[in-house]
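Okay, so here's the structure we're looking at.
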Amino acid sequence: MTVRIYRGTSPQVVELIDEAPPPPPPPPSSVVTSKPVNMRKALVIRGWMDYPSRYERDQKAVIITPTNPNVVAFTNDFIAGGVAVQFGVTATLTLTFDGQLVATKGVVPTNTGVTFIPDLSSVPEGWYFASVIGLDDSWTVIDYPVYVLKSALAQPPTKLPVTTGSHTLEFTDPPVYQYAYVAAKHEPTRVPYPAREYPSFETIPARHNLIFTSLVPARPGDGTRPLVTKEGVWTAANRQNYFYYDFEQGTPMLPMLDGPRGVGSCISPAFMGIGKAAPASTGPIGNIYFIESWRFSKVSKDGTIVTLAGWRHKNIASYRRDPNTLELVGDWSAIPQSRWGFAQPWGMAWDERSLLIDESAAPIPTERNLKPHLGAGPVAWISDTFHHRVVKLQFSATSHATPPVVTEFIPPGTLSEPWAIIAIPGTRELVVSDRKHNRLCVFDMDTAALLRTIPTTQPEGLDFLDGHLYYASVLTKSIRKIEWATGIDTLVAGPATPGSGMNYWINNNARYMHIAVSDGTFGPRGAIAVATWSNIYYGYPLLFAPDGRYINYVENPQGPIKGVPKPLGLTSYNSSVAIGQGRLVFSSAEEGLHVASLALPADPVLDQAKYDAGAKQYKARGLVLTHGPGGYGYNGEPVPWGVTPEIDYFLTVQGHVRP
């Protein structure tokens with residue numbers, strides 16, 4: 001078998017390896033070890049945490065070799081906020097790998113840590129759970145996996161260790177640490193998104209009239225996703241999808257994966273939009289387009305994700321602390337290689353003129369018998385924020401599989417952190433939020449000429465409806481609209497707007513204001529959905545009436561709730577939002593893409609008590625580790641039906657269908 005390896009920041013093939021395919025791994029034992037934790041006196045293997053702390057959201061792959069075998073452990077008092085604890089005794093501590101003694105080291109009463117130097121000569125290569133014995137029962141040892149590497153590249157994997165992260169442990173009552181081995185294979189659970197209708201409604205939405213579903217399933221914490229290190233070691237040492245700092249990096253810190261629902265990933269998207277394509281032969285296509293910090297993608301109505309342009313991983317994500325194993329989608333040859341790829345793009349707009357279909361042409365059999373576009377094909381613009389430019393994507397008129405040609409429409413030099421972008425319908429005007437220059441820039445779509453500028457204060461989110469350009473700014477905590485024909489600028493919502501609560505919603509944690517204005521199919525026409533990355537209203541976007549009043553569509557049930565009470569993954573910062581066609585589509589810092597729509601008569605009413613019991617039992621049995629959050633695991637394990645009736649109900653609410 002030939003293995004194609006991409007390294008660095010370009011898709012250049014630098015290494016070809018011929019080797020026999022590895023044997024299939026044995027099935028996992030799926031035996032979960034649970035340890036009650038004394039949060040006052042814990043001994044921690046470095047890697048699970050780096051230093052005494054209340055908790056960390058970042059596990060690390062511990063790889064040791066015969067020339068660098070050290071395993072470090074330290075004491076921790078979680079309750080005190082993360083401080084070292086003296087051992088208080090003179091003792092000889094023993095390090096074990098899966099119960100095998102590999103090293104000893106003495107400690108004295110004042111010590112707060114210990115470094116072991118195991119003899120690896122008789123230890124075969126592979127993963128082991130490291131533990132320490134020799135302390136009394138008042139101590140809890142947090143066992144953590146270490147990989148013994150005997151050569152430059154790892155042997156084909158057979159098993160993969162998974163553990164409870166320190167952040168999860170901190171918020172588990174009572175605190176229990178869990179760990180297990182699973183099969184080392186990447187076969188995520190695939191469950192297509194079921195077909196749904198999205199009826200229009202103009203009334204102000206209330207919770208009991210809505211249903212929440214997940215077009216892309218969520219995996220909160222991401223504690224079991226397999227990754228591959230530069231040595232070829234498979235690891236589940238993940239970093240929680242949480243950090244705004246990661247979101248701003250120039251190259252991917254998060255998995256960028258294509259594939260069917262459950263395989264493809266959507267994590268912390270910075271923008272999303274609802275596709276309007278509705279060919280005469282098929283009706284509405286139903287795609288959602290989204291931008292993560294390094295790629296532009298679409299997700300189809302069954303949940304399948306395809307990267308359209310930018311960086312992506314192939315098959316499995318690379319370990320974040322190593323050089324990324326990436327490929328670049330699109331023809332970027334017209335741009336200097338130093339500027340290939342995206343760096344936190346924030347906005348996208350279609351040239352609606354380029355989306356027209358040639359109805360006189362013959363259907364194309366290889367394109368689901370769709371007819372071609374008129375002219376050269378669809379055109380999209382993307383504001384590539386940290387490259388300070390706007391790029392143009394030229395797609396094929398006849399082939400969805402052909403990557404776009406990427407050019408610099410507005411090269412670096414004119415804009416400073418261009419943010420959102422909008423094409424004004426019926427004109428050749430393209431509006432860009434020139435965030436750091438405190439202005440809106442209006443460009444000619446065909447020539448890229450700067451037509452005029454509109455002074456504003458740190459503009460961010462943009463949308464257009466009924467002749468008005470809406471724009472928002474986190475700095476001014478306001479949403480305004482400009483009547484495009486006259487230039488009249490009007491405040492829609494701000495700190496002084498009655499009922500808006502802007503001073504409360506836009507707090508110190510809010511990083512920006514993304515907006516999407518309703519077309520009247522989800523709530524009143526002109527209602528405004530807002531994403532801010534705030535720690536208020538975790539996971540959900542805000543919603544404001546056309547007059548700027550806040551709409552509480554989540555916390556006012558007013559009747560029986562249908563569907564899932566709160567989608568998995570909505571305990572983090574809301575990152576982006578789209579609204580229209582009967583849907584509110586939104587995302588958070590964690591994986592997942594969620595849809596709010598009108599509840600239908602056939603949608604089941606939630607049994608909250610049974611759901612809560614099932615969720616609690618699922619976690620207590622460690623099924624989150626072996627079968628993934630909500631049953632969306634990675635390693636090919638079948639959905640765990642039949643454990644308890646409550647767990648079965650929990651899985652059903654998450655969208656699984658029992659065979």
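Following the order of the structure tokens, chains are lettered A, B, ..., residues in each are numbered from 1, and ligands are numbered from 1.
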Problem set entry | stretch 542-556 of chain A environment, 7 Å, only C-alpha atoms, sequence neighbours closer than 2 positions dropped, as number ranges by chain | A: 205-207, 492-493, 497-501, 526-531, 540, 558
For this session: Name the residues in contact with stretch 337-343 of chain A at a cut-off of 12 Å, using only C-alpha atoms, excluding same-chain residues fewer than 3 positions from it; report them as number ranges by chain.
Result: A: 9-12, 246-253, 270, 291-296, 308-312, 326-334, 346-347, 382-391, 406-408, 411-412, 417-419
Problem set entry | Residue with smallest distance to A:Thr307 - pool A:Pro524, A:Pro403, A:Gly539, A:Gly622, counting only C-alpha atoms |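 That would be A:Pro403, the residue with the smallest distance to A:Thr307.
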For this session: Quote the spacing between atom CA of A:Gly636 and atom CA of A:Tyr128 in Å to one decimal place.
Result: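 Interatomic distance, atom CA of A:Gly636 to atom CA of A:Tyr128: 21.5 Å.
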Exercise. Which residues come within 12 Å of A:Pro372, counting only C-alpha atoms, excluding same-chain residues fewer than 5 positions away, as a PyMOL selection string?
Worked result: chain A and resi 279+354-367+377-378+395-400
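Here atom CA of A:Asn38 is placed at a distance of 21.2 Å from atom CA of A:Thr92.
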